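With TSV, C-alpha atoms and all ligand atoms inside, this is final.tsv:
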chain	number	residue	atom	x	y	z
X	21	MET	CA	88.43	90.00	66.31
X	22	ARG	CA	87.35	93.62	66.57
X	23	HIS	CA	85.26	92.79	69.63
X	24	LEU	CA	88.18	91.01	71.18
X	25	LEU	CA	90.44	94.02	70.60
X	26	ALA	CA	87.82	96.36	72.01
X	27	ALA	CA	87.46	94.18	75.08
X	28	MET	CA	91.23	94.09	75.53
X	29	CYS	CA	91.50	97.87	75.20
X	30	ALA	CA	88.67	98.34	77.69
X	31	ALA	CA	90.38	96.01	80.14
X	32	ILE	CA	93.66	97.86	79.82
X	33	LEU	CA	92.12	101.35	79.94
X	34	ALA	CA	90.08	100.43	82.99
X	35	GLY	CA	93.37	100.24	84.83
X	36	PRO	CA	94.10	97.85	87.66
X	37	ALA	CA	90.73	96.61	88.88
X	38	LEU	CA	90.76	96.81	92.63
X	39	ALA	CA	88.95	93.59	93.21
X	40	PHE	CA	90.73	91.12	95.40
X	41	GLU	CA	89.64	88.22	93.27
X	42	PRO	CA	90.50	87.00	89.78
X	43	THR	CA	88.92	89.30	87.17
X	44	ASP	CA	88.29	88.76	83.47
X	45	GLY	CA	90.94	90.22	81.20
X	46	ALA	CA	93.17	91.35	84.06
X	47	LEU	CA	96.93	91.26	83.71
X	48	GLY	CA	99.50	90.79	86.46
X	49	MET	CA	98.87	90.04	90.09
X	50	GLN	CA	95.96	91.06	92.29
X	51	PRO	CA	96.61	94.41	94.00
X	52	ALA	CA	98.69	94.12	97.15
X	53	ALA	CA	96.67	94.40	100.36
X	54	THR	CA	99.57	93.82	102.75
X	55	ARG	CA	103.14	95.03	102.92
X	56	ILE	CA	104.20	91.39	102.39
X	57	ALA	CA	102.41	91.27	99.02
X	58	GLU	CA	103.71	94.71	98.09
X	59	ARG	CA	107.29	93.64	98.71
X	60	ILE	CA	106.72	90.47	96.67
X	61	HIS	CA	105.41	92.60	93.78
X	62	GLN	CA	108.42	94.92	93.96
X	63	PHE	CA	110.75	91.93	93.94
X	64	HIS	CA	108.85	90.47	91.00
X	65	GLY	CA	109.36	93.71	89.06
X	66	PHE	CA	113.07	93.73	89.90
X	67	VAL	CA	113.62	90.13	88.79
X	68	LEU	CA	111.56	90.70	85.64
X	69	VAL	CA	114.03	93.41	84.53
X	70	ILE	CA	117.00	91.07	85.10
X	71	ILE	CA	115.31	88.18	83.29
X	72	THR	CA	114.44	90.42	80.34
X	73	ILE	CA	118.01	91.71	79.98
X	74	ILE	CA	119.46	88.18	80.19
X	75	THR	CA	116.97	86.80	77.68
X	76	ILE	CA	117.67	89.55	75.16
X	77	PHE	CA	121.43	89.16	75.64
X	78	VAL	CA	121.31	85.38	75.09
X	79	LEU	CA	119.07	85.83	72.04
X	80	ALA	CA	121.55	88.35	70.60
X	81	LEU	CA	124.44	85.90	71.14
X	82	LEU	CA	122.48	83.13	69.43
X	83	LEU	CA	121.64	85.32	66.45
X	84	TRP	CA	125.25	86.43	66.21
X	85	VAL	CA	126.45	82.81	66.14
X	86	ILE	CA	123.77	81.80	63.64
X	87	PHE	CA	124.42	84.61	61.15
X	88	ARG	CA	128.09	85.49	61.53
X	89	HIS	CA	129.55	82.07	62.17
X	90	ASN	CA	127.61	79.80	59.87
X	91	LYS	CA	129.37	77.83	57.15
X	92	LYS	CA	128.59	80.36	54.44
X	93	ALA	CA	129.61	83.50	56.30
X	94	ASN	CA	132.61	81.97	57.99
X	95	PRO	CA	133.96	79.08	55.82
X	96	GLN	CA	137.33	78.88	57.61
X	97	PRO	CA	136.65	78.69	61.38
X	98	ARG	CA	139.53	79.36	63.71
X	99	LYS	CA	140.59	76.37	65.82
X	100	PHE	CA	141.39	77.97	69.19
X	101	SER	CA	139.76	76.94	72.45
X	102	HIS	CA	139.72	78.58	75.90
X	103	ASN	CA	139.82	82.26	76.64
X	104	THR	CA	140.71	83.22	80.18
X	105	LEU	CA	139.02	86.62	80.12
X	106	VAL	CA	135.75	85.29	78.74
X	107	GLU	CA	135.73	82.40	81.22
X	108	VAL	CA	136.33	84.69	84.17
X	109	VAL	CA	133.59	87.04	82.98
X	110	TRP	CA	130.98	84.33	82.47
X	111	THR	CA	131.66	83.01	85.95
X	112	VAL	CA	131.83	86.30	87.82
X	113	VAL	CA	128.93	88.13	86.16
X	114	PRO	CA	126.28	85.43	86.82
X	115	ALA	CA	127.55	85.16	90.40
X	116	LEU	CA	127.10	88.93	90.83
X	117	ILE	CA	123.59	88.71	89.36
X	118	LEU	CA	122.72	86.00	91.87
X	119	VAL	CA	124.10	88.12	94.71
X	120	ALA	CA	122.00	91.06	93.53
X	121	ILE	CA	118.86	88.89	93.45
X	122	ALA	CA	119.64	87.41	96.88
X	123	SER	CA	120.14	90.88	98.35
X	124	GLN	CA	116.47	91.60	97.56
X	125	SER	CA	115.06	88.13	98.04
X	126	PHE	CA	116.51	87.16	101.44
X	127	PRO	CA	115.16	90.23	103.32
X	128	ASN	CA	111.72	89.57	101.81
X	129	LEU	CA	111.84	85.94	102.85
X	130	TYR	CA	112.89	86.91	106.36
X	131	TYR	CA	110.26	89.65	106.58
X	132	GLN	CA	107.47	87.25	105.71
X	133	ASP	CA	108.75	84.17	107.50
X	134	VAL	CA	109.55	85.59	110.94
X	135	VAL	CA	106.50	86.51	113.01
X	136	PRO	CA	107.36	90.02	114.24
X	137	ASN	CA	108.18	90.75	117.86
X	138	LEU	CA	105.55	93.37	118.70
X	139	GLU	CA	107.23	94.61	121.89
X	140	GLN	CA	110.41	95.20	119.95
X	141	ILE	CA	108.48	97.14	117.28
X	142	THR	CA	106.84	99.35	119.92
X	143	SER	CA	110.07	100.10	121.76
X	144	LYS	CA	112.14	100.62	118.61
X	145	SER	CA	109.61	103.04	117.08
X	146	LYS	CA	109.41	104.98	120.36
X	147	GLN	CA	113.20	105.11	120.50
X	148	LEU	CA	113.43	106.43	116.93
X	149	GLN	CA	110.84	109.11	117.68
X	150	ALA	CA	112.51	110.06	120.95
X	151	ASP	CA	115.85	110.42	119.14
X	152	GLY	CA	114.17	112.66	116.57
X	153	LYS	CA	115.17	110.38	113.68
X	154	THR	CA	112.16	111.18	111.49
X	155	GLY	CA	113.58	109.69	108.29
X	156	ALA	CA	114.55	106.43	109.97
X	157	TYR	CA	111.16	106.31	111.72
X	158	GLU	CA	109.32	106.68	108.42
X	159	ARG	CA	111.41	103.98	106.80
X	160	TYR	CA	110.79	101.71	109.78
X	161	THR	CA	107.02	102.23	109.78
X	162	LYS	CA	106.83	101.26	106.12
X	163	ASN	CA	107.53	97.68	107.15
X	164	TYR	CA	106.45	97.63	110.79
X	165	PHE	CA	103.32	99.06	112.30
X	166	PRO	CA	103.82	100.53	115.80
X	167	GLU	CA	100.16	101.47	116.31
X	168	ALA	CA	99.01	97.95	115.50
X	169	ALA	CA	101.89	96.46	117.49
X	170	GLU	CA	100.62	98.11	120.67
X	171	LYS	CA	97.30	96.32	120.29
X	172	GLY	CA	98.89	92.87	120.06
X	173	PHE	CA	98.09	89.93	117.81
X	174	VAL	CA	94.76	88.58	116.65
X	175	ASN	CA	95.24	84.80	116.56
X	176	ILE	CA	93.41	82.54	114.14
X	177	LYS	CA	93.84	78.89	113.30
X	178	ALA	CA	92.85	77.66	109.86
X	179	GLN	CA	92.41	73.91	109.64
X	180	GLY	CA	92.10	72.32	106.23
X	181	ASN	CA	89.56	69.52	105.84
X	182	GLN	CA	88.48	67.52	102.81
X	183	TRP	CA	86.93	69.92	101.59
X	184	ASN	CA	86.39	73.03	103.63
X	185	TRP	CA	88.15	75.11	106.28
X	186	THR	CA	87.63	75.23	110.03
X	187	TYR	CA	88.52	78.56	111.63
X	188	THR	CA	89.32	78.78	115.34
X	189	TYR	CA	89.65	82.06	117.23
X	190	PRO	CA	91.48	81.33	120.51
X	191	ASP	CA	91.10	85.00	121.56
X	192	ILE	CA	87.29	84.83	121.37
X	193	VAL	CA	86.03	82.50	124.12
X	194	ASP	CA	82.59	81.81	125.52
X	195	ASP	CA	81.66	81.78	129.22
X	196	ALA	CA	82.84	78.19	129.58
X	197	GLY	CA	86.21	79.10	128.10
X	198	TYR	CA	85.74	77.43	124.73
X	199	PRO	CA	87.11	79.29	121.71
X	200	LEU	CA	84.96	80.34	118.77
X	201	GLU	CA	85.21	77.69	116.07
X	202	PHE	CA	83.24	77.29	112.87
X	203	VAL	CA	83.36	75.58	109.49
X	204	SER	CA	83.54	77.68	106.33
X	205	ASN	CA	81.83	75.84	103.46
X	206	PRO	CA	81.94	76.70	99.76
X	207	LEU	CA	78.71	77.90	98.15
X	208	GLN	CA	79.51	75.98	94.98
X	209	VAL	CA	80.88	72.49	94.52
X	210	GLY	CA	80.72	72.18	90.74
X	211	LEU	CA	77.17	70.81	90.54
X	212	SER	CA	74.24	72.08	88.46
X	213	THR	CA	72.25	72.36	91.71
X	214	ASP	CA	74.79	74.87	93.11
X	215	SER	CA	73.67	78.19	94.53
X	216	LYS	CA	74.24	81.09	92.12
X	217	GLU	CA	75.07	83.45	94.96
X	218	GLY	CA	78.38	85.14	95.57
X	219	VAL	CA	81.56	85.03	93.51
X	220	ARG	CA	81.66	81.80	91.55
X	221	ASN	CA	83.73	79.09	93.26
X	222	LEU	CA	85.18	81.64	95.71
X	223	SER	CA	82.38	82.57	98.10
X	224	VAL	CA	81.69	80.68	101.31
X	225	ASP	CA	78.79	80.50	103.76
X	226	TYR	CA	80.66	81.74	106.86
X	227	PRO	CA	83.77	83.74	105.95
X	228	MET	CA	86.84	84.30	108.06
X	229	VAL	CA	86.54	87.79	109.57
X	230	ILE	CA	89.44	89.91	110.81
X	231	PRO	CA	89.81	93.47	112.05
X	232	VAL	CA	91.51	95.98	109.79
X	233	GLY	CA	94.99	97.32	110.61
X	234	ARG	CA	95.81	94.63	113.14
X	235	TYR	CA	98.66	92.16	113.28
X	236	ILE	CA	97.13	88.79	112.44
X	237	ARG	CA	99.00	85.68	113.49
X	238	TYR	CA	97.58	82.65	111.76
X	239	TYR	CA	98.24	78.99	112.27
X	240	THR	CA	97.53	76.26	109.76
X	241	ALA	CA	96.86	72.59	110.38
X	242	ALA	CA	94.99	69.82	108.59
X	243	ALA	CA	92.61	67.07	109.59
X	244	ASP	CA	93.29	64.60	106.80
X	245	VAL	CA	95.70	65.42	103.96
X	246	ILE	CA	97.92	68.40	103.12
X	247	HIS	CA	96.06	71.58	102.17
X	248	SER	CA	97.42	75.10	101.72
X	249	TRP	CA	95.87	78.29	103.06
X	250	THR	CA	96.40	80.98	100.44
X	251	VAL	CA	95.24	84.54	99.84
X	252	PRO	CA	97.02	86.08	96.81
X	253	ALA	CA	96.28	89.73	97.76
X	254	PHE	CA	97.96	89.14	101.13
X	255	GLY	CA	101.01	87.44	99.58
X	256	VAL	CA	100.37	84.57	101.94
X	257	LYS	CA	100.51	80.84	101.22
X	258	THR	CA	101.09	78.35	104.02
X	259	ASP	CA	100.78	74.59	103.85
X	260	ALA	CA	98.32	73.01	106.26
X	261	VAL	CA	99.88	69.69	107.21
X	262	PRO	CA	98.28	66.95	109.37
X	263	GLY	CA	100.07	66.67	112.71
X	264	ARG	CA	101.89	69.97	112.32
X	265	LEU	CA	101.14	73.55	113.24
X	266	ASN	CA	102.56	76.10	110.81
X	267	GLU	CA	102.34	79.80	111.46
X	268	GLY	CA	102.62	83.11	109.69
X	269	TRP	CA	101.48	86.70	109.96
X	270	PHE	CA	100.02	89.54	107.94
X	271	LEU	CA	98.41	92.92	108.42
X	272	VAL	CA	95.69	94.21	106.09
X	273	ASP	CA	95.56	97.96	105.82
X	274	GLN	CA	92.11	98.48	104.28
X	275	PRO	CA	88.70	96.88	104.75
X	276	GLY	CA	87.62	94.61	101.93
X	277	VAL	CA	86.73	91.14	100.79
X	278	TYR	CA	89.65	88.97	99.81
X	279	TYR	CA	89.48	85.58	98.15
X	280	GLY	CA	91.83	82.65	97.93
X	281	GLN	CA	91.79	78.94	97.25
X	282	CYS	CA	93.34	75.83	98.72
X	283	SER	CA	96.68	75.58	96.95
X	284	GLU	CA	97.78	72.02	97.64
X	285	LEU	CA	96.15	69.28	95.60
X	286	CYS	CA	94.08	67.59	98.28
X	287	GLY	CA	91.51	65.40	96.59
X	288	VAL	CA	88.50	65.35	94.29
X	289	ASN	CA	86.99	68.59	95.64
X	290	HIS	CA	90.28	70.48	95.90
X	291	ALA	CA	88.89	73.16	93.59
X	292	TYR	CA	85.92	73.69	95.89
X	293	MET	CA	87.41	74.74	99.20
X	294	PRO	CA	87.76	78.50	98.73
X	295	ILE	CA	88.95	81.00	101.31
X	296	GLU	CA	86.97	84.19	101.88
X	297	VAL	CA	88.37	86.77	104.26
X	298	ARG	CA	86.34	89.83	105.23
X	299	VAL	CA	88.42	92.63	106.68
X	300	VAL	CA	86.23	94.93	108.78
X	301	SER	CA	86.55	97.69	111.38
X	302	GLU	CA	87.26	96.82	115.02
X	303	GLU	CA	83.64	97.60	115.97
X	304	GLU	CA	82.21	95.39	113.25
X	305	TYR	CA	84.64	92.67	114.23
X	306	ALA	CA	83.52	92.86	117.88
X	307	ARG	CA	79.86	92.74	116.81
X	308	TRP	CA	80.50	89.78	114.53
X	309	ALA	CA	82.33	87.93	117.32
X	310	GLU	CA	79.46	88.58	119.71
X	311	LEU	CA	76.90	87.17	117.27
X	312	MET	CA	79.08	84.16	116.47
X	313	LEU	CA	79.55	83.41	120.16
X	314	ALA	CA	75.77	83.65	120.62
X	315	GLY	CA	75.46	80.96	117.93
X	316	ASP	CA	73.69	83.19	115.43
X	317	TYR	CA	76.04	82.49	112.50
X	318	ASP	CA	73.65	83.82	109.86
X	319	ALA	CA	73.20	87.17	111.60
X	320	ALA	CA	76.97	87.32	112.09
X	321	ALA	CA	77.61	86.65	108.39
X	322	ALA	CA	74.95	89.22	107.46
X	323	SER	CA	76.63	91.80	109.71
X	324	VAL	CA	79.80	91.65	107.60
X	325	ARG	CA	78.10	91.27	104.22
X	326	GLN	CA	78.59	94.96	103.50
X	327	VAL	CA	82.27	95.72	103.79
X	328	ALA	CA	83.38	99.33	103.37
X	329	SER	CA	84.32	99.89	99.79
X	330	THR	CA	86.61	97.50	98.03
X	331	GLU	CA	86.53	100.03	95.18
X	332	GLN	CA	88.88	102.29	97.08
X	333	ALA	CA	92.56	101.95	96.38
X	334	THR	CA	94.25	100.48	99.41
X	335	LYS	CA	97.24	102.26	100.86
X	336	PHE	CA	99.44	99.52	99.47
X	337	ALA	CA	97.84	99.09	96.05
X	338	ALA	CA	97.67	102.87	95.54
X	339	LYS	CA	101.46	103.09	95.70
X	340	GLN	CA	101.98	100.87	92.70
X	401	CU	CU	92.68	71.44	100.22
Could you write out this structure as structure tokens?
Amino acid sequence: MRHLLAAMCAAILAGPALAFEPTDGALGMQPAATRIAERIHQFHGFVLVIITIITIFVLALLLWVIFRHNKKANPQPRKFSHNTLVEVVWTVVPALILVAIASQSFPNLYYQDVVPNLEQITSKSKQLQADGKTGAYERYTKNYFPEAAEKGFVNIKAQGNQWNWTYTYPDIVDDAGYPLEFVSNPLQVGLSTDSKEGVRNLSVDYPMVIPVGRYIRYYTAAADVIHSWTVPAFGVKTDAVPGRLNEGWFLVDQPGVYYGQCSELCGVNHAYMPIEVRVVSEEEYARWAELMLAGDYDAAAASVRQVASTEQATKFAAKQ
């Protein structure tokens, strides 16, 4: 028991571990690595307050009924029914609570769901700067990234297979015009013969690699059954459905290694099709792409094995 307490104290005192993977003894969600995840966390905090107040209020009402209106305390109950004021209040107040939640939730949903129009971001941010609206510009650049918008999208398709992921980079093409495409296999599949390398059940042989601070537009599809491409630190989860192309976007602010797992029950090895994303500098990304195109997958993977500190607080996580 004492050891358990000590371990719990250590975990709490250590503060939020900045690993973008599940960690022992951690509480709460993985640190946000994108503005999408950060907004989800803020919304989570907001709803948690409302839920807590409602729960305490309902508990208090229950206790009041139990102790003040039981047969012993209140032997002669009054026989009235209906109370206009109370009925109006218990209709209007919950409606207002729902409106308050929607006012936070709908903008978040829209922000994540709609792939941003980069030209609009560039022109709007320039307009704000030209008009000298510094405050509005700062507010705008919290959610939209003009510098990244000028560089355009990096496009990646993630195809779910039973049981691994195929990544396609339509922007990276060889001399014959074929895009870079490779399969990302798990290192472990739940067998005693598994490799002991990497993070258990999360590491892959050839990770997805993206440049830092760039708008990523990703597409998901599936070869066989429904899978779901998910990275908790990005706040991203998109179903990969056979015969459909879904899309989404995100922008990661700091280099690092981020892990996720297929999040749609897809068969016997569902637990063994992890997602590993390595976010690297533009130069490292270009080098990796060159090696991948040359067919030297192992050298390419080795070139991104060292990713600039994941120990550092990201811009997003640091704000929490
Ligand atoms: Cu799957």
Checklist outcome for this item: Of X:Val245, X:Ile141, X:Ala115, X:Leu313, the one nearest to ligand CU 401 (chain X) when counting all atoms listed in the file is X:Val245
Next on the checklist: as a ChimeraX atom specification, please: every protein or nucleic acid residue near ligand CU 401 (chain X) (cut-off 12 Å, counting all atoms listed in the file).
Outcome noted: /X:178-186,206,240-250,258-262,280-295
Item to check | Selected residue of minimal separation from Ile236 (chain X) among X:Ile117, X:Ile192, X:Leu83, X:Val272, counting only C-alpha atoms | outcome: X:Val272
Next on the checklist: I'd like to know which of X:Gly268, X:Pro227, X:Gly276, X:Pro42 is closest to Ala321 (chain X), using only C-alpha atoms.
Outcome noted: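 Going through X:Gly268, X:Pro227, X:Gly276, X:Pro42 one by one, the smallest distance to Ala321 (chain X) is for X:Pro227.
Residues with at least one atom no more than 12 Å from (112.6, 97.8, 111.9), using only C-alpha atoms, are X:Pro127, X:Tyr131, X:Pro136, X:Asn137, X:Leu138, X:Glu139, X:Gln140, X:Ile141, X:Thr142, X:Ser143, X:Lys144, X:Ser145, X:Lys146, X:Gln147, X:Leu148, X:Ala156, X:Tyr157, X:Glu158, X:Arg159, X:Tyr160, X:Thr161, X:Lys162, X:Asn163, X:Tyr164, X:Phe165, X:Pro166.
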Keeping only C-alpha atoms, write the selected residues as a PDB file, in the frame of the given file.
ATOM      1  CA  PRO X 127     115.160  90.230 103.320  1.00  0.00           C
ATOM      2  CA  TYR X 131     110.260  89.650 106.580  1.00  0.00           C
ATOM      3  CA  PRO X 136     107.360  90.020 114.240  1.00  0.00           C
ATOM      4  CA  ASN X 137     108.180  90.750 117.860  1.00  0.00           C
ATOM      5  CA  LEU X 138     105.550  93.370 118.700  1.00  0.00           C
ATOM      6  CA  GLU X 139     107.230  94.610 121.890  1.00  0.00           C
ATOM      7  CA  GLN X 140     110.410  95.200 119.950  1.00  0.00           C
ATOM      8  CA  ILE X 141     108.480  97.140 117.280  1.00  0.00           C
ATOM      9  CA  THR X 142     106.840  99.350 119.920  1.00  0.00           C
ATOM     10  CA  SER X 143     110.070 100.100 121.760  1.00  0.00           C
ATOM     11  CA  LYS X 144     112.140 100.620 118.610  1.00  0.00           C
ATOM     12  CA  SER X 145     109.610 103.040 117.080  1.00  0.00           C
ATOM     13  CA  LYS X 146     109.410 104.980 120.360  1.00  0.00           C
ATOM     14  CA  GLN X 147     113.200 105.110 120.500  1.00  0.00           C
ATOM     15  CA  LEU X 148     113.430 106.430 116.930  1.00  0.00           C
ATOM     16  CA  ALA X 156     114.550 106.430 109.970  1.00  0.00           C
ATOM     17  CA  TYR X 157     111.160 106.310 111.720  1.00  0.00           C
ATOM     18  CA  GLU X 158     109.320 106.680 108.420  1.00  0.00           C
ATOM     19  CA  ARG X 159     111.410 103.980 106.800  1.00  0.00           C
ATOM     20  CA  TYR X 160     110.790 101.710 109.780  1.00  0.00           C
ATOM     21  CA  THR X 161     107.020 102.230 109.780  1.00  0.00           C
ATOM     22  CA  LYS X 162     106.830 101.260 106.120  1.00  0.00           C
ATOM     23  CA  ASN X 163     107.530  97.680 107.150  1.00  0.00           C
ATOM     24  CA  TYR X 164     106.450  97.630 110.790  1.00  0.00           C
ATOM     25  CA  PHE X 165     103.320  99.060 112.300  1.00  0.00           C
ATOM     26  CA  PRO X 166     103.820 100.530 115.800  1.00  0.00           C
TER      27      PRO X 166
END
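Distances from X:Asp133, X:Glu267, X:Asp194, X:Glu201 to Met228 (chain X) were compared using all atoms listed in the file, and the smallest one belongs to X:Glu201.
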Checklist entry - Separation of CA of Gln208 (chain X) and CA of Ala319 (chain X), in Å? => result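 Going from CA of Gln208 (chain X) over to CA of Ala319 (chain X), I get 21.0 Å.
One finds CA of Val324 (chain X) at 11.0 Å from CA of Ala306 (chain X).
Interatomic distance, CA of Val67 (chain X) to CA of Tyr279 (chain X): 26.3 Å.
Proximity to Val277 (chain X) at 9 Å, evaluated using all atoms listed in the file and with sequence-adjacent residues fewer than 6 positions away removed, yields Ala39, Phe40, Glu41, Glu296, Val297, Arg298, Val299, Val300, Val327 and Thr330 of chain X.
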Checklist entry - Using only C-alpha atoms, which of the listed residues (X:Ala196, X:Val134, X:Val224, X:Ala169) sits closest to Val209 (chain X)? => result X:Val224
Item to check | Top pick for closest residue to Ala309 (chain X), considering X:Thr54, X:Thr188, X:Thr75, X:Gln149 and counting all atoms listed in the file | outcome: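 Closest candidate: X:Thr188.
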Item to check | Residues near Asp318 (chain X), cut-off 10 Å, only C-alpha atoms, skip fewer than 6 positions along chain, as a PyMOL selection string | outcome: chain X and resi 225-226+311-312
Generate the output file for the selected residues, C-alpha atoms, as an mmCIF file, in the frame of the given file.
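Resulting contents of out-v5.cif:
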data_model
loop_
_atom_site.group_PDB
_atom_site.id
_atom_site.type_symbol
_atom_site.label_atom_id
_atom_site.label_comp_id
_atom_site.auth_asym_id
_atom_site.auth_seq_id
_atom_site.Cartn_x
_atom_site.Cartn_y
_atom_site.Cartn_z
ATOM 1 C CA ASP X 225 78.790 80.500 103.760
ATOM 2 C CA TYR X 226 80.660 81.740 106.860
ATOM 3 C CA LEU X 311 76.900 87.170 117.270
ATOM 4 C CA MET X 312 79.080 84.160 116.470
#
